[in-house]
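A.B. asks: I'd like to ask some things about the structure below.
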Amino acid sequence: MGAIATADSVVTAETLRITEIFYSLQGEARTVGLPTVFVRLTGCPLRCLYCDTEYAFHGGEMMTLENITSRVAQYKPAFVTVTGGEPLAQPNCLPLLSMLCDQGYEVSLETSGAMPVADVDPRVVKVLDLKTPASGEVARNDYENIEHLTANDQLKFVICDRNDYEWARFKIDEYALVPRVSDVLFSPSHEQLAPRELAEWILADNLPVRLQLQLHKFLWDDAPGH
Ligand code: SF4
């Protein structure tokens, strides 16, 4: 589909709308702190109340998959994260993920949990959100995604308040989430819930989840490009 064979290579004509490609330290999840190239795809069908990437909703630049992977290669990374917006809202995200895996990177995908992940290349580490009530988008969770998560994947809850915390605890039990994935991540919503308060709740309940703080917000105050 859309492939043009040339004398010494195959060039695909598929494109994606890209907000930014940048090299930074991973701010969250299992590889936090490790140098990583981020490919931020433009657009998202959700509108979470705490969204910190609204600049990725619109605009962007159309790039071919080859141009994207060439830009990534310039940084010689070990880790590549495809993010958004909601990257799976653009169907060509799927071939991009596979191309990046083929090129030997450890590839992760940050996704809202609202789009199907069944066709994501199994080599990709999925970091899948379950949207809590205070996100304003809880009705968008596609719970069928849970059966496609493996021990290499991660589940993330952004917790805004105590009600979100209780909701997340309930979902962990309801879907037996802890043994299903490598990490269940609880992330306090920035400036809504004090990290220490969430830490104390987790300890009081002896909950087997990983508290995560968003490193990039401490280092770069959430400026685009980090
Ligand atoms: S899914 Fe992510 S990018 Fe989309 S609105 Fe929610 S927080 Fe923002």
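Each chain in the structure tokens gets a letter, A, B, ..., in the order shown, and its residues are numbered from 1; ligands are numbered from 1 in order too.
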Taking 4 positions as the minimum chain separation for residues in the same chain, which residues sit within 9 Å of Ala118 of chain A when counting only C-alpha atoms? Answer as an MDAnalysis selection string.

C.D. replies: chainID A and resid 144:145 147:149

A.B. asks: Restricted to N, CA and C atoms, what would the selected residues look like written as a CSV table (one decimal), in the first residue's frame?

C.D. replies:
chain,number,residue,atom,x,y,z
A,144,GLU,N,-11.7,-3.3,26.4
A,144,GLU,CA,-11.2,-4.4,25.7
A,144,GLU,C,-9.7,-4.4,25.4
A,145,ASN,N,-9.1,-3.2,25.6
A,145,ASN,CA,-7.7,-3.1,25.4
A,145,ASN,C,-6.9,-3.9,26.5
A,147,GLU,N,-7.2,-6.9,27.6
A,147,GLU,CA,-6.8,-8.3,27.2
A,147,GLU,C,-5.6,-8.3,26.3
A,148,HIS,N,-5.3,-7.1,25.7
A,148,HIS,CA,-4.1,-7.1,24.8
A,148,HIS,C,-2.9,-6.6,25.5
A,149,LEU,N,-2.9,-6.4,26.8
A,149,LEU,CA,-1.7,-6.0,27.5
A,149,LEU,C,-1.0,-7.3,27.9

A.B. asks: Using only C-alpha atoms and all ligand atoms, find each protein or nucleic acid residue lying at most 7 Å from ligand 1; present the set as a list in words.

C.D. replies: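 Listed by chain and ascending number, the contacts are Cys44, Pro45, Leu46, Arg47, Cys48, Tyr50, Cys51, Asp52, Thr53, Glu54, Gly84, Gly85, Glu86 and Ser112 of chain A.
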
A.B. asks: Applying 6 Å and only C-alpha atoms, which residues near Gln154 of chain A remain after dropping the ones on its own chain fewer than 2 positions away? List them as a VMD selection string.

C.D. replies: chain A and resid 127 181 to 184

A.B. asks: Near Glu20 of chain A, within 10 Å and counting only C-alpha atoms, which residues show up once chain neighbours fewer than 5 positions away are dropped, as a PyMOL selection string?

C.D. replies: chain A and resi 38-42+56+60-61+83-84+224-225

A.B. asks: With only C-alpha atoms as the counted atoms, please give the residues lying no more than 10 Å from Thr64 of chain A, apart from itself and same-chain residues fewer than 3 positions off, as JSON, numbers by chain.

C.D. replies: {"A": [11, 12, 13, 14, 15, 16, 17, 18, 61, 67, 68, 69, 70, 92, 96]}

A.B. asks: Can you list, as a list in words, every protein, DNA or RNA residue that comes within 10 Å of Lys126 of chain A when you count only C-alpha atoms, leaving out same-chain residues fewer than 3 positions away?

C.D. replies: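 Listing them by chain and then by number gives Thr81, Val82, Val107, Ser108, Leu109, Glu110, Thr111, Gly113, Val117, Val120, Asp121, Pro122, Arg123, Asp129, His148, Leu149, Thr150, Asn152, Asp153, Gln154, Leu155 and Val181 of chain A.
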
A.B. asks: Could you give me, as a Markdown table, every segment 77-164 of chain A residue with an atom at most 9 Å from segment 191-208 of chain A, plus its closest atom pair and distance in Å to one decimal, counting only C-alpha atoms, rows ordered by chain then number?

C.D. replies:
| residue | atom | partner | partner_atom | distance |
| --- | --- | --- | --- | --- |
| A:Ile159 | CA | A:Leu193 | CA | 7.5 |
| A:Cys160 | CA | A:Leu193 | CA | 5.6 |
| A:Asp161 | CA | A:Leu193 | CA | 6.2 |
| A:Arg162 | CA | A:Leu198 | CA | 8.5 |

A.B. asks: Would you save the residues from that selection as a CSV table (one decimal), in the first residue's frame, using N, CA and C atoms?

C.D. replies:
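File written: part-v2.csv
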chain,number,residue,atom,x,y,z
A,159,ILE,N,-3.9,10.4,38.8
A,159,ILE,CA,-4.9,10.5,40.0
A,159,ILE,C,-5.0,12.0,40.4
A,160,CYS,N,-6.2,12.4,40.3
A,160,CYS,CA,-6.5,13.9,40.7
A,160,CYS,C,-6.9,14.1,42.1
A,161,ASP,N,-7.6,13.1,42.7
A,161,ASP,CA,-8.2,13.3,44.0
A,161,ASP,C,-8.4,11.9,44.6
A,162,ARG,N,-8.9,11.9,45.9
A,162,ARG,CA,-9.2,10.6,46.6
A,162,ARG,C,-10.2,9.7,45.8

A.B. asks: Near Val158 of chain A, counting only C-alpha atoms, which residues have an atom at most 6 Å away, once you skip same-chain residues fewer than 3 positions from it, shown as a PDB file with N, CA and C atoms, in the first residue's frame?

C.D. replies:
ATOM      1  N   SER A 187       0.202   8.236  38.990  1.00  0.00           N
ATOM      2  CA  SER A 187       0.851   9.526  38.778  1.00  0.00           C
ATOM      3  C   SER A 187      -0.058  10.621  39.319  1.00  0.00           C
ATOM      4  N   PRO A 188       0.394  11.396  40.318  1.00  0.00           N
ATOM      5  CA  PRO A 188      -0.476  12.467  40.820  1.00  0.00           C
ATOM      6  C   PRO A 188      -0.626  13.568  39.780  1.00  0.00           C
ATOM      7  N   SER A 189      -1.849  14.001  39.561  1.00  0.00           N
ATOM      8  CA  SER A 189      -2.065  15.085  38.599  1.00  0.00           C
ATOM      9  C   SER A 189      -1.352  16.340  39.092  1.00  0.00           C
TER      10      SER A 189
END

A.B. asks: Could you pull out the strand (DSSP E) residues of segment 18-153 of chain A, going by DSSP on the backbone, and write them as a PyMOL selection string?

C.D. replies: chain A and resi 18-25+35-41+61-64+79-83+106-111+125-129

A.B. asks: I need the chosen residues saved as a PDB file, in the first residue's frame, with C-alpha atoms.

C.D. replies:
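Below is the file result_32.pdb, written as the result:
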ATOM      1  CA  ILE A  18       3.941  15.380  13.599  1.00  0.00           C
ATOM      2  CA  THR A  19       4.034  18.085  16.285  1.00  0.00           C
ATOM      3  CA  GLU A  20       7.652  17.551  17.349  1.00  0.00           C
ATOM      4  CA  ILE A  21      10.559  15.121  17.406  1.00  0.00           C
ATOM      5  CA  PHE A  22      13.013  15.718  20.211  1.00  0.00           C
ATOM      6  CA  TYR A  23      15.650  14.094  22.375  1.00  0.00           C
ATOM      7  CA  SER A  24      15.247  14.270  26.146  1.00  0.00           C
ATOM      8  CA  LEU A  25      15.221  12.199  29.300  1.00  0.00           C
ATOM      9  CA  PRO A  35      17.819   9.329  27.167  1.00  0.00           C
ATOM     10  CA  THR A  36      14.983   8.842  24.695  1.00  0.00           C
ATOM     11  CA  VAL A  37      13.813  10.244  21.374  1.00  0.00           C
ATOM     12  CA  PHE A  38      10.184  11.351  21.445  1.00  0.00           C
ATOM     13  CA  VAL A  39       7.990  11.412  18.362  1.00  0.00           C
ATOM     14  CA  ARG A  40       4.896  13.441  19.182  1.00  0.00           C
ATOM     15  CA  LEU A  41       2.006  12.893  16.798  1.00  0.00           C
ATOM     16  CA  GLU A  61       3.849  19.065   9.942  1.00  0.00           C
ATOM     17  CA  MET A  62       3.165  16.233   7.505  1.00  0.00           C
ATOM     18  CA  MET A  63       6.170  13.909   7.358  1.00  0.00           C
ATOM     19  CA  THR A  64       6.743  10.629   5.588  1.00  0.00           C
ATOM     20  CA  PHE A  79      14.863   4.234  23.336  1.00  0.00           C
ATOM     21  CA  VAL A  80      12.123   5.799  21.218  1.00  0.00           C
ATOM     22  CA  THR A  81       8.727   6.846  22.572  1.00  0.00           C
ATOM     23  CA  VAL A  82       5.800   7.525  20.263  1.00  0.00           C
ATOM     24  CA  THR A  83       3.377   9.859  21.980  1.00  0.00           C
ATOM     25  CA  GLU A 106      13.312  -0.225  22.211  1.00  0.00           C
ATOM     26  CA  VAL A 107      10.015   1.391  21.293  1.00  0.00           C
ATOM     27  CA  SER A 108       7.234   2.465  23.624  1.00  0.00           C
ATOM     28  CA  LEU A 109       3.813   3.877  22.850  1.00  0.00           C
ATOM     29  CA  GLU A 110       1.965   6.277  25.147  1.00  0.00           C
ATOM     30  CA  THR A 111      -1.749   5.934  24.529  1.00  0.00           C
ATOM     31  CA  VAL A 125       5.946  -1.526  25.064  1.00  0.00           C
ATOM     32  CA  LYS A 126       2.463  -0.122  25.505  1.00  0.00           C
ATOM     33  CA  VAL A 127       2.016   2.484  28.240  1.00  0.00           C
ATOM     34  CA  LEU A 128      -1.737   2.620  28.412  1.00  0.00           C
ATOM     35  CA  ASP A 129      -3.811   5.067  30.449  1.00  0.00           C
TER      36      ASP A 129
END

A.B. asks: Take atom CA of Val32 of chain A and atom CA of Asp119 of chain A and report the distance between them in Å, one decimal.

C.D. replies: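 Atom-to-atom, atom CA of Val32 of chain A and atom CA of Asp119 of chain A are spaced 25.8 Å apart.
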
A.B. asks: Smallest atom-to-atom distance to Phe186 of chain A: which of A:Asp221, A:Glu28, A:Pro91, A:Asp173, using only C-alpha atoms?

C.D. replies: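 Ranked by minimum distance to Phe186 of chain A, first place goes to A:Glu28.
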
A.B. asks: Using DSSP on the backbone coordinates, identify the residues of segment 2-214 of chain A assigned to alpha helix (DSSP H); present them as a ChimeraX atom specification.

C.D. replies: /A:65-74,93-102,162-174,195-205
